[in-house]
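Remarks on the structure that follows.
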Amino acid sequence: MLNAETYETDNKGIGGSIRNEREDFYVEEIPLSLPSGNGPNTWIFIEKIGRNTLDVVLDIAKELKISRKRMGFAGMKDKTARTRQWLCVSNSSVEEIQSITDKLYNVEVLEIKQNEKSFE
C-alpha cells in the first residue's frame, strides 16, 4: 500500500509492513458541535469501510430519491481505512433515514439525530 523504500538511516530496517488491511488505518471525525436533537436537518453518524464519502452520500441520495445537493459532510474520508463521520441531510426526518439504513453497503449507521444547522 505505502511505498516505504526511502530510509532516514543507512540500515535497511528489520522488515515488516504497515497498512496491510483497511482496519490498520482508523479515522474518526470530531465535529465542532454535536446535533441537538431538534431542527429540520438530520445528521447521520456512520462507520464505513472500503467506501469513500462521496460513494456513500450518492447511495443515500439515491435511496432517498433526493438531490445529492441536499447532503453535506465535512470532508472526504479515506476509502482504504475504517472511518467514522457525520453526514447531514437537509429537511429530512429520522424516520426517512432509518428506512434506508439496511440498504447501505459496508456502512453501519451509528446514530441519527435532528439538528438546526447543516454543515457550514
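Note on naming: chains are A, B, ... as they come in the C-alpha cells, residues start from 1 per chain, ligands start from 1 in the order shown.
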Could you pull out the residues in chain A that DSSP calls alpha helix (DSSP H) from the backbone, as a PyMOL selection string?
-> chain A and resi 53-64+94-98
Spatial neighbours of region 101-110 of chain A, max dist 6 Å, only C-alpha atoms, sep filter under 2 positions, as a count of residues only | 6
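The two atoms in question, CA of Glu63 (chain A) and CA of Ser92 (chain A), are spaced 13.1 Å apart.
Contact shell of Pro31 (chain A) at 9 Å (only C-alpha atoms; same-chain neighbours under 6 positions omitted): Ala74, Gln85 and Trp86 of chain A.
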Keeping only N, CA and C atoms, take the residues you just selected and write them out as a CSV table (one decimal), in the first residue's frame.
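Output file result_17.csv follows:
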```
chain,number,residue,atom,x,y,z
A,74,ALA,N,-18.3,17.0,6.2
A,74,ALA,CA,-17.1,17.8,6.5
A,74,ALA,C,-15.8,17.1,5.9
A,85,GLN,N,-17.8,9.2,10.5
A,85,GLN,CA,-18.0,10.6,10.2
A,85,GLN,C,-19.5,10.9,10.2
A,86,TRP,N,-19.8,12.2,10.3
A,86,TRP,CA,-21.2,12.7,10.3
A,86,TRP,C,-21.5,13.2,8.9
```
Residues within 8 Å of Arg68 (chain A), only C-alpha atoms, excluding chain neighbours under 5 positions, as a list in words = Val57, Leu58 and Ala61 of chain A
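Neighbouring residues of Met76 (chain A) at 10 Å or closer, counting only C-alpha atoms and skipping chain neighbours under 3 positions away, are Asn52, Thr53, Leu54, Phe73, Lys79 and Gln85 of chain A.
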Determine which residues of region 36-111 of chain A DSSP labels as strand (DSSP E) from the backbone of this structure, then write them out as an MDAnalysis selection string.
-> chainID A and resid 41:49 71:73 82:89 107:111
Take the residues just selected and output them with N, CA and C atoms as an mmCIF file, in the first residue's frame.
```cif
data_model
loop_
_atom_site.group_PDB
_atom_site.id
_atom_site.type_symbol
_atom_site.label_atom_id
_atom_site.label_comp_id
_atom_site.auth_asym_id
_atom_site.auth_seq_id
_atom_site.Cartn_x
_atom_site.Cartn_y
_atom_site.Cartn_z
ATOM 1 N N ASN A 41 -32.950 19.430 9.956
ATOM 2 C CA ASN A 41 -31.905 18.653 9.292
ATOM 3 C C ASN A 41 -31.582 17.397 10.089
ATOM 4 N N THR A 42 -31.238 16.344 9.383
ATOM 5 C CA THR A 42 -30.898 15.085 10.041
ATOM 6 C C THR A 42 -29.419 14.796 9.867
ATOM 7 N N TRP A 43 -28.749 14.589 10.984
ATOM 8 C CA TRP A 43 -27.335 14.218 10.971
ATOM 9 C C TRP A 43 -27.236 12.715 11.169
ATOM 10 N N ILE A 44 -26.354 12.094 10.406
ATOM 11 C CA ILE A 44 -26.167 10.646 10.439
ATOM 12 C C ILE A 44 -24.703 10.367 10.767
ATOM 13 N N PHE A 45 -24.454 9.645 11.853
ATOM 14 C CA PHE A 45 -23.090 9.256 12.207
ATOM 15 C C PHE A 45 -22.883 7.842 11.691
ATOM 16 N N ILE A 46 -21.938 7.687 10.769
ATOM 17 C CA ILE A 46 -21.719 6.395 10.123
ATOM 18 C C ILE A 46 -20.303 5.884 10.370
ATOM 19 N N GLU A 47 -20.166 4.577 10.265
ATOM 20 C CA GLU A 47 -18.851 3.953 10.172
ATOM 21 C C GLU A 47 -18.843 3.209 8.854
ATOM 22 N N LYS A 48 -17.801 3.435 8.078
ATOM 23 C CA LYS A 48 -17.709 2.791 6.775
ATOM 24 C C LYS A 48 -16.328 2.189 6.595
ATOM 25 N N ILE A 49 -16.281 1.205 5.738
ATOM 26 C CA ILE A 49 -15.008 0.557 5.426
ATOM 27 C C ILE A 49 -15.011 0.199 3.940
ATOM 28 N N MET A 71 -27.330 17.165 0.706
ATOM 29 C CA MET A 71 -26.491 16.485 1.689
ATOM 30 C C MET A 71 -25.185 17.235 1.898
ATOM 31 N N GLY A 72 -24.707 17.182 3.131
ATOM 32 C CA GLY A 72 -23.443 17.827 3.458
ATOM 33 C C GLY A 72 -22.560 16.905 4.279
ATOM 34 N N PHE A 73 -21.276 17.182 4.238
ATOM 35 C CA PHE A 73 -20.303 16.425 5.027
ATOM 36 C C PHE A 73 -19.059 17.279 5.178
ATOM 37 N N ARG A 82 -10.887 2.347 7.973
ATOM 38 C CA ARG A 82 -12.145 2.293 8.713
ATOM 39 C C ARG A 82 -12.379 3.716 9.202
ATOM 40 N N THR A 83 -13.468 4.329 8.774
ATOM 41 C CA THR A 83 -13.695 5.731 9.123
ATOM 42 C C THR A 83 -15.074 5.931 9.737
ATOM 43 N N ARG A 84 -15.149 6.935 10.605
ATOM 44 C CA ARG A 84 -16.413 7.365 11.188
ATOM 45 C C ARG A 84 -16.569 8.847 10.895
ATOM 46 N N GLN A 85 -17.770 9.224 10.451
ATOM 47 C CA GLN A 85 -18.007 10.627 10.168
ATOM 48 C C GLN A 85 -19.496 10.939 10.194
ATOM 49 N N TRP A 86 -19.798 12.232 10.301
ATOM 50 C CA TRP A 86 -21.162 12.731 10.281
ATOM 51 C C TRP A 86 -21.527 13.178 8.869
ATOM 52 N N LEU A 87 -22.742 12.839 8.450
ATOM 53 C CA LEU A 87 -23.320 13.331 7.209
ATOM 54 C C LEU A 87 -24.591 14.081 7.578
ATOM 55 N N CYS A 88 -25.024 15.001 6.748
ATOM 56 C CA CYS A 88 -26.242 15.757 7.010
ATOM 57 C C CYS A 88 -27.156 15.689 5.796
ATOM 58 N N VAL A 89 -28.445 15.469 6.069
ATOM 59 C CA VAL A 89 -29.463 15.539 5.032
ATOM 60 C C VAL A 89 -30.408 16.663 5.426
ATOM 61 N N VAL A 107 -21.618 0.064 5.306
ATOM 62 C CA VAL A 107 -21.868 1.248 6.119
ATOM 63 C C VAL A 107 -22.712 0.827 7.312
ATOM 64 N N GLU A 108 -22.257 1.193 8.492
ATOM 65 C CA GLU A 108 -23.058 0.994 9.694
ATOM 66 C C GLU A 108 -23.495 2.362 10.195
ATOM 67 N N VAL A 109 -24.785 2.533 10.368
ATOM 68 C CA VAL A 109 -25.314 3.785 10.901
ATOM 69 C C VAL A 109 -25.285 3.688 12.423
ATOM 70 N N LEU A 110 -24.491 4.563 13.048
ATOM 71 C CA LEU A 110 -24.299 4.511 14.494
ATOM 72 C C LEU A 110 -25.268 5.407 15.254
ATOM 73 N N GLU A 111 -25.668 6.515 14.620
ATOM 74 C CA GLU A 111 -26.566 7.452 15.286
ATOM 75 C C GLU A 111 -27.263 8.310 14.231
#
```
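Of the residues under consideration (A:Thr80, A:Ser67, A:Ser118, A:Ser90), A:Thr80 shows the shortest atom-to-atom contact distance to Arg51 (chain A) when counting only C-alpha atoms.
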Could you check which of A:Ile97, A:Ile60, A:Ala81, A:Ile112 is closest to Val27 (chain A), using only C-alpha atoms?
-> A:Ala81
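With only C-alpha atoms as the basis for measurement, A:Tyr26 is the residue among A:Lys113, A:Ser36, A:Tyr26, A:Leu64 that approaches Lys77 (chain A) most closely.
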